[in-house]
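Undergrad: First, the structure itself, so that you have it in front of you.
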Amino acid sequence: MELLERIKSPADLRGLGPQDLDRLADEIRAQLIDHVTRNGGHLGPNLGVVELTIALHRVFDSPRDSLVWDTGHQTYVHKLLTGRAADFATLRTRGGMSGYPCRAESEHDLVENSHASTALSYADGLAHARQSRGDPGHVVAVIGDGALTGGMSWEAVNNIAATPGRPLVVVINDNARSYAPTVGGLARHLAALRTARGYEEFLERAKHTVQGVPAVGDTVYRALHGAKKGLKDFLTPQALYEDLGLKYLGPVDGHDREAVEAALRRARVFGGSVVVHCITEKGRGYAPAEEDTRDRFHAVRASGQQQSGGGPSWTAAFGEELLAQAERRPDVVALTAAMLDPAGLSPLQRALPARVVDVGIAEQHAVTCAAGMAMGGLHPVVCVYATFLNRAFDQVLMDVALHRLPVTFVLDRAGITGDDGASHNGIWDLAVLQAVPGLRIAAPRDRATLRRRLDEALGTEDGPTLLRYPKGSLPPDLPAQERIAGPDGSGLDVLLRTGEDVLLVAVGALGGACVAAARHLADQGIGCTVVDPGWVKPVPGTLVDLAGRFDVVVTAEDGLRTGGVGDALASALREARAVPRVLRTLGVPTGFLEHASRAELLEECGLSGDRIAEDVAQAVAEATGRPTLKGAVR
């Protein structure tokens, strides 16, 4: 890696000749394959942008020129070319390099965007600020990996087109894919553009030929030029951009570095907003990725890494359970936002393809489309990562809940996810969605309860429901020792009863950790009753009644402490005038977590079995003034 080691900043690229640049591209791909397959991360997208990223940093002068990437997972090459090659081996490890742009790492990283379809809005704002302040330089937004299917991108395009004189370059990294092949009308539009590489050359040749005709050449050219729009529409649908007032260049072979550089240089000197359309291949240069038709090695797990527990994943289990439900219920239809396989829908798609709808990276549309399906008599199941439902909160609130529609949301990667970084942790749902009237939320603890909660959700017809589960492997089933039923129809699973000094409320996947904590506390002479309410919103009346009988109540949830299940229980206890002497909520502190493994972050947040036991013991000491407590039930 001798050449790559010499690249300390983008300026070092500009003195390299063609042979050195080709060699550099090979070294970068070798680095990507070596370290990403070792640490895990987004391999396919970065293999596809090697030449494009080199060209960008040779033509533009970062950070004087502002480069914004969408989505941010395609920035590994950018990191290697901006002085971070020596640290690349630490990618996605605790204390190491982030898998996304990171402002703390480099002045070349402007936006920490791992959620798609945001770059054009950032770029529009940056360009507006530069123009207002008279700052020199350009703003470049690189958008790809399906991000143009997001509605926010087109909101931005609409505003960019309103002020076409700004020095803003939009680079479309068109690899025809997001996680998997990109879907929808915009995808078909870009596919049509890919077939029209000779359009600009054809027009230029026609211009010189006609203008060369003596006497009548200019007149004939002006007449033909008036027909340019019709000719353009016939040859390509690129008029979508130019009708909005945006200059369009391309399509360009994104792996022909010289061609990309030439297009970018034309865009840089144009003096206004320009779209540069580059065709790239996801997984380029790595045969296993190129041959993987499913997602071109979009994301790979670290070599030798096993999911915690070693069994099937929550995602796989959900996919099997949903298929079983759909085979029994013809009204069930699943929607996802460009995450067919990551959300566990591949089994259903293979078996019943008409029952799966992939809307592209458009969570807002997915939710309101589901509302329409529910109005039409179907029971839609919206399957996304927990962190991405944040983007559709208004649609959940106003389009689904307001109409009391039977839509089921299934949130994969709920709670702490770990090495993907701050924005991928799904820790906000239990707090944010408490505000949605009529929404019922369930947190299964194992496969058996996942099956039961899904069946109950699909049987709910008077409003929306939501299931959440974490990243990783399913734990072994954790059967209830007994069931406590309440007069309001709610109930609780008692997972373990070693005594009645403390009521420990386990939310979903933390059931195992809470049982482990209770067993540890029993050795210290502290008796616990561990319960799992299953449905955590609204707060079950059975839980309020039971909690009111204890002096010490501790809740543990894989979500924000503030505003989550524990806070909702505390509010319900205050309303019932049954507040215990000590009520402690364990969860994730408000803030953005640094990337690390899920296990490391659970420990850091006090949500491992040992840490939960420590907090419970402290709560007992606070209630009694002693380290242990006997017979505290009132």
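Chain identifiers are assigned as A, B, and so on, following the order in which chains appear in the structure tokens; residues are numbered from 1 within each chain, and ligands are numbered from 1 in order of appearance.
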As a compact mmCIF listing (two decimals) with all heavy atoms, in the first residue's frame, please: the residues near region 431-444 of chain A (cut-off 6 Å, only C-alpha atoms, same-chain neighbours under 3 positions excluded).
TA:
# COMPACT_ATOMS: atom_id res chain seq x y z
N LEU A 397 -48.57 9.49 13.18
CA LEU A 397 -49.48 10.23 14.06
C LEU A 397 -50.76 10.64 13.32
O LEU A 397 -51.88 10.32 13.76
CB LEU A 397 -48.76 11.46 14.60
CG LEU A 397 -49.56 12.39 15.52
CD1 LEU A 397 -49.90 11.68 16.82
CD2 LEU A 397 -48.76 13.66 15.80
N TRP A 428 -35.07 5.57 20.11
CA TRP A 428 -36.02 6.68 20.30
C TRP A 428 -37.47 6.24 20.26
O TRP A 428 -38.34 6.96 20.72
CB TRP A 428 -35.78 7.75 19.23
CG TRP A 428 -34.53 8.52 19.45
CD1 TRP A 428 -34.37 9.61 20.26
CD2 TRP A 428 -33.23 8.25 18.90
NE1 TRP A 428 -33.06 10.04 20.24
CE2 TRP A 428 -32.34 9.22 19.41
CE3 TRP A 428 -32.74 7.30 18.01
CZ2 TRP A 428 -31.00 9.26 19.07
CZ3 TRP A 428 -31.40 7.33 17.67
CH2 TRP A 428 -30.54 8.30 18.20
N THR A 449 -42.81 -15.36 22.20
CA THR A 449 -43.60 -14.14 22.40
C THR A 449 -43.66 -13.29 21.14
O THR A 449 -44.62 -12.56 20.93
CB THR A 449 -43.05 -13.31 23.58
OG1 THR A 449 -41.65 -13.07 23.39
CG2 THR A 449 -43.26 -14.04 24.90
N LEU A 450 -42.66 -13.39 20.27
CA LEU A 450 -42.73 -12.73 18.97
C LEU A 450 -43.92 -13.27 18.17
O LEU A 450 -44.70 -12.50 17.59
CB LEU A 450 -41.43 -12.95 18.19
CG LEU A 450 -41.40 -12.47 16.74
CD1 LEU A 450 -41.56 -10.95 16.66
CD2 LEU A 450 -40.10 -12.90 16.06
N PRO A 464 -53.63 1.27 15.36
CA PRO A 464 -52.31 0.75 14.98
C PRO A 464 -51.62 0.01 16.11
O PRO A 464 -51.87 0.26 17.30
CB PRO A 464 -51.54 2.02 14.62
CG PRO A 464 -52.18 3.10 15.42
CD PRO A 464 -53.64 2.74 15.53
N THR A 465 -50.76 -0.90 15.73
CA THR A 465 -49.94 -1.66 16.66
C THR A 465 -48.49 -1.62 16.22
O THR A 465 -48.20 -1.35 15.04
CB THR A 465 -50.40 -3.13 16.73
OG1 THR A 465 -50.45 -3.66 15.39
CG2 THR A 465 -51.77 -3.24 17.37
N LEU A 466 -47.60 -1.91 17.15
CA LEU A 466 -46.17 -1.88 16.83
C LEU A 466 -45.45 -2.95 17.62
O LEU A 466 -45.70 -3.11 18.83
CB LEU A 466 -45.60 -0.50 17.14
CG LEU A 466 -44.12 -0.25 16.82
CD1 LEU A 466 -43.90 1.20 16.39
CD2 LEU A 466 -43.21 -0.56 18.00
N LEU A 467 -44.56 -3.68 16.93
CA LEU A 467 -43.66 -4.65 17.57
C LEU A 467 -42.24 -4.18 17.38
O LEU A 467 -41.89 -3.68 16.30
CB LEU A 467 -43.82 -6.04 16.94
CG LEU A 467 -44.94 -6.95 17.45
CD1 LEU A 467 -46.30 -6.34 17.18
CD2 LEU A 467 -44.84 -8.33 16.79
N ARG A 468 -41.42 -4.36 18.40
CA ARG A 468 -40.01 -3.96 18.31
C ARG A 468 -39.14 -5.09 18.81
O ARG A 468 -39.47 -5.78 19.78
CB ARG A 468 -39.75 -2.68 19.11
CG ARG A 468 -39.81 -2.90 20.61
CD ARG A 468 -39.68 -1.63 21.43
NE ARG A 468 -38.56 -0.77 21.14
CZ ARG A 468 -37.38 -0.82 21.77
NH1 ARG A 468 -37.14 -1.73 22.70
NH2 ARG A 468 -36.44 0.04 21.48
N GLY A 508 -39.18 -6.38 26.95
CA GLY A 508 -38.76 -7.08 25.75
C GLY A 508 -37.48 -7.87 25.90
O GLY A 508 -37.35 -8.73 26.78
N GLY A 534 -45.10 -7.54 28.17
CA GLY A 534 -45.39 -7.88 26.77
C GLY A 534 -45.83 -6.66 25.99
O GLY A 534 -45.08 -6.12 25.18
N TRP A 535 -47.05 -6.20 26.22
CA TRP A 535 -47.54 -4.93 25.65
C TRP A 535 -47.20 -3.82 26.63
O TRP A 535 -47.62 -3.87 27.79
CB TRP A 535 -49.04 -5.00 25.41
CG TRP A 535 -49.40 -5.92 24.27
CD1 TRP A 535 -49.73 -7.23 24.36
CD2 TRP A 535 -49.40 -5.59 22.88
NE1 TRP A 535 -49.96 -7.75 23.10
CE2 TRP A 535 -49.76 -6.76 22.17
CE3 TRP A 535 -49.15 -4.42 22.16
CZ2 TRP A 535 -49.88 -6.79 20.78
CZ3 TRP A 535 -49.26 -4.46 20.77
CH2 TRP A 535 -49.61 -5.62 20.10
N VAL A 536 -46.42 -2.86 26.16
CA VAL A 536 -45.89 -1.84 27.08
C VAL A 536 -46.52 -0.47 26.88
O VAL A 536 -46.28 0.44 27.67
CB VAL A 536 -44.35 -1.73 26.94
CG1 VAL A 536 -43.70 -3.04 27.36
CG2 VAL A 536 -43.95 -1.35 25.51
N LYS A 537 -47.30 -0.28 25.85
CA LYS A 537 -48.08 0.95 25.64
C LYS A 537 -49.43 0.55 25.11
O LYS A 537 -49.50 -0.16 24.12
CB LYS A 537 -47.40 1.89 24.65
CG LYS A 537 -48.21 3.19 24.46
CD LYS A 537 -47.61 4.06 23.35
CE LYS A 537 -48.38 5.35 23.20
NZ LYS A 537 -49.79 5.23 22.82
N GLY A 563 -38.88 9.55 28.97
CA GLY A 563 -40.06 9.45 28.13
C GLY A 563 -40.46 8.05 27.71
O GLY A 563 -41.43 7.89 26.98
N GLY A 564 -39.73 7.03 28.18
CA GLY A 564 -39.98 5.68 27.76
C GLY A 564 -41.00 4.96 28.63
O GLY A 564 -41.86 5.56 29.28
Undergrad: Can you check which residues of region 333-511 of chain A DSSP gives as alpha helix (DSSP H) on the backbone and send them as an MDAnalysis selection string?
TA: chainID A and resid 346:351 363:375 386:389 393:394 429:432 447:458 511
Undergrad: Please provide the set of residues having any atom within 8 Å of region 33-35 of chain A, restricted to only C-alpha atoms, with same-chain residues fewer than 4 positions apart removed, written as a list in words.
TA: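 Once the adjacent positions are removed, what remains is Arg29, Asn39, Gly40, Leu43, Phe88, Ala89, Leu91 and Tyr286 of chain A.
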Undergrad: When you look at Arg23 (chain A) with a cut-off of 12 Å (counting only C-alpha atoms), what residues show up, excluding the ones that are within fewer than 5 positions of it in the same chain? I need them as JSON, numbers by chain.
TA: {"A": [1, 2, 3, 4, 16, 17, 18, 28, 29, 30, 50, 51, 54]}
Undergrad: Include all heavy atoms and write out the residues we just selected as a CSV table (one decimal), in the first residue's frame.
TA:
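Output file result04.csv follows:
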chain,number,residue,atom,x,y,z
A,1,MET,N,0.8,-1.2,0.0
A,1,MET,CA,0.0,0.0,0.0
A,1,MET,C,0.9,1.3,0.0
A,1,MET,O,0.5,2.3,0.6
A,1,MET,CB,-0.9,0.0,1.2
A,1,MET,CG,-1.8,-1.2,1.3
A,1,MET,SD,-2.9,-1.3,-0.2
A,1,MET,CE,-3.6,-2.9,0.0
A,2,GLU,N,2.0,1.2,-0.7
A,2,GLU,CA,3.0,2.3,-0.6
A,2,GLU,C,2.4,3.6,-1.1
A,2,GLU,O,2.6,4.7,-0.5
A,2,GLU,CB,4.2,1.9,-1.4
A,2,GLU,CG,5.3,3.0,-1.4
A,2,GLU,CD,6.5,2.6,-2.3
A,2,GLU,OE1,6.6,1.4,-2.6
A,2,GLU,OE2,7.3,3.5,-2.5
A,3,LEU,N,1.7,3.6,-2.2
A,3,LEU,CA,1.2,4.8,-2.8
A,3,LEU,C,0.1,5.4,-1.9
A,3,LEU,O,0.1,6.6,-1.7
A,3,LEU,CB,0.6,4.5,-4.2
A,3,LEU,CG,0.2,5.7,-5.0
A,3,LEU,CD1,1.3,6.8,-5.1
A,3,LEU,CD2,-0.3,5.3,-6.4
A,4,LEU,N,-0.8,4.6,-1.5
A,4,LEU,CA,-1.9,5.1,-0.6
A,4,LEU,C,-1.4,5.7,0.7
A,4,LEU,O,-1.9,6.7,1.2
A,4,LEU,CB,-2.9,3.9,-0.3
A,4,LEU,CG,-4.1,4.3,0.6
A,4,LEU,CD1,-4.9,5.5,0.0
A,4,LEU,CD2,-5.0,3.1,0.8
A,16,LEU,N,-0.4,13.2,-9.4
A,16,LEU,CA,-0.2,11.8,-9.8
A,16,LEU,C,-0.6,11.7,-11.3
A,16,LEU,O,-1.6,12.3,-11.8
A,16,LEU,CB,-1.1,10.8,-9.0
A,16,LEU,CG,-0.8,10.8,-7.5
A,16,LEU,CD1,-1.7,9.8,-6.8
A,16,LEU,CD2,0.7,10.4,-7.3
A,17,GLY,N,0.1,10.8,-12.0
A,17,GLY,CA,-0.2,10.6,-13.4
A,17,GLY,C,-1.2,9.4,-13.6
A,17,GLY,O,-1.6,8.8,-12.6
A,18,PRO,N,-1.7,9.1,-14.8
A,18,PRO,CA,-2.7,8.1,-15.0
A,18,PRO,C,-2.3,6.7,-14.4
A,18,PRO,O,-3.1,6.1,-13.8
A,18,PRO,CB,-2.8,8.1,-16.5
A,18,PRO,CG,-2.4,9.5,-17.0
A,18,PRO,CD,-1.3,9.9,-16.0
A,28,ILE,N,-6.7,0.9,-3.1
A,28,ILE,CA,-7.8,1.3,-2.3
A,28,ILE,C,-8.8,0.1,-2.3
A,28,ILE,O,-9.3,-0.3,-1.2
A,28,ILE,CB,-8.5,2.5,-2.9
A,28,ILE,CG1,-7.7,3.8,-2.7
A,28,ILE,CG2,-9.9,2.7,-2.3
A,28,ILE,CD1,-8.2,5.0,-3.4
A,29,ARG,N,-9.0,-0.5,-3.4
A,29,ARG,CA,-9.9,-1.7,-3.4
A,29,ARG,C,-9.3,-2.8,-2.5
A,29,ARG,O,-10.1,-3.5,-1.8
A,29,ARG,CB,-10.2,-2.2,-4.8
A,29,ARG,CG,-11.1,-1.3,-5.6
A,29,ARG,CD,-11.7,-2.0,-6.8
A,29,ARG,NE,-12.8,-1.2,-7.3
A,29,ARG,CZ,-12.7,-0.2,-8.2
A,29,ARG,NH1,-11.5,0.1,-8.7
A,29,ARG,NH2,-13.7,0.5,-8.6
A,30,ALA,N,-8.0,-3.0,-2.5
A,30,ALA,CA,-7.4,-4.0,-1.7
A,30,ALA,C,-7.6,-3.7,-0.2
A,30,ALA,O,-7.9,-4.6,0.6
A,30,ALA,CB,-5.9,-4.2,-2.0
A,50,VAL,N,-14.8,4.1,-6.2
A,50,VAL,CA,-13.3,4.4,-6.1
A,50,VAL,C,-12.9,5.4,-7.1
A,50,VAL,O,-12.4,6.5,-6.7
A,50,VAL,CB,-12.5,3.1,-6.3
A,50,VAL,CG1,-11.0,3.4,-6.3
A,50,VAL,CG2,-12.8,2.1,-5.1
A,51,GLU,N,-13.2,5.2,-8.4
A,51,GLU,CA,-12.7,6.1,-9.4
A,51,GLU,C,-13.5,7.5,-9.3
A,51,GLU,O,-12.9,8.6,-9.4
A,51,GLU,CB,-12.9,5.6,-10.8
A,51,GLU,CG,-12.0,4.4,-11.2
A,51,GLU,CD,-12.4,3.1,-10.6
A,51,GLU,OE1,-13.6,3.0,-10.1
A,51,GLU,OE2,-11.7,2.1,-10.7
A,54,ILE,N,-11.9,9.5,-6.4
A,54,ILE,CA,-10.6,10.0,-6.8
A,54,ILE,C,-10.8,11.2,-7.7
A,54,ILE,O,-10.2,12.3,-7.5
A,54,ILE,CB,-9.8,8.9,-7.5
A,54,ILE,CG1,-9.4,7.8,-6.5
A,54,ILE,CG2,-8.5,9.6,-8.2
A,54,ILE,CD1,-8.7,6.6,-7.2
Undergrad: Excluding Arg483 (chain A) and any residue of its chain fewer than 6 positions from it, enumerate the residues within 12 Å of it, using only C-alpha atoms, and give them as an MDAnalysis selection string.
TA: chainID A and resid 490:497 530:534 542:543
Undergrad: I need the chosen residues saved as a PDB file, in the first residue's frame, with C-alpha atoms.
TA:
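The resulting file, again.pdb, is reproduced below:
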ATOM      1  CA  SER A 490     -54.169  -6.944  30.361  1.00  0.00           C
ATOM      2  CA  GLY A 491     -51.700  -9.391  31.812  1.00  0.00           C
ATOM      3  CA  LEU A 492     -48.129  -9.938  32.917  1.00  0.00           C
ATOM      4  CA  ASP A 493     -45.712 -12.809  32.526  1.00  0.00           C
ATOM      5  CA  VAL A 494     -43.837 -13.573  35.738  1.00  0.00           C
ATOM      6  CA  LEU A 495     -40.404 -14.669  34.565  1.00  0.00           C
ATOM      7  CA  LEU A 496     -38.890 -15.309  37.994  1.00  0.00           C
ATOM      8  CA  ARG A 497     -39.982 -14.905  41.584  1.00  0.00           C
ATOM      9  CA  VAL A 530     -39.372 -10.185  37.487  1.00  0.00           C
ATOM     10  CA  VAL A 531     -42.284  -9.465  35.164  1.00  0.00           C
ATOM     11  CA  ASP A 532     -42.622  -8.900  31.437  1.00  0.00           C
ATOM     12  CA  PRO A 533     -45.745  -6.940  30.454  1.00  0.00           C
ATOM     13  CA  GLY A 534     -45.389  -7.875  26.767  1.00  0.00           C
ATOM     14  CA  THR A 542     -52.286  -5.124  35.825  1.00  0.00           C
ATOM     15  CA  LEU A 543     -48.767  -3.702  36.019  1.00  0.00           C
TER      16      LEU A 543
END
Undergrad: With only C-alpha atoms as the basis for distance, which of A:Gly283, A:Ala259, A:Ser66, A:Val410 is at the shortest distance from Leu322 (chain A)?
TA: A:Val410
Undergrad: Which distance in Å separates CA of Gly472 (chain A) and CA of Asn175 (chain A), to one decimal?
TA: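 If I compute the distance from CA of Gly472 (chain A) to CA of Asn175 (chain A), I get 28.8 Å.
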Undergrad: Nearest residue to Gly150 (chain A) out of A:Lys247, A:Lys79, A:Arg391, A:Arg92, using only C-alpha atoms?
TA: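 Distance minimum relative to Gly150 (chain A) lands on A:Arg391.
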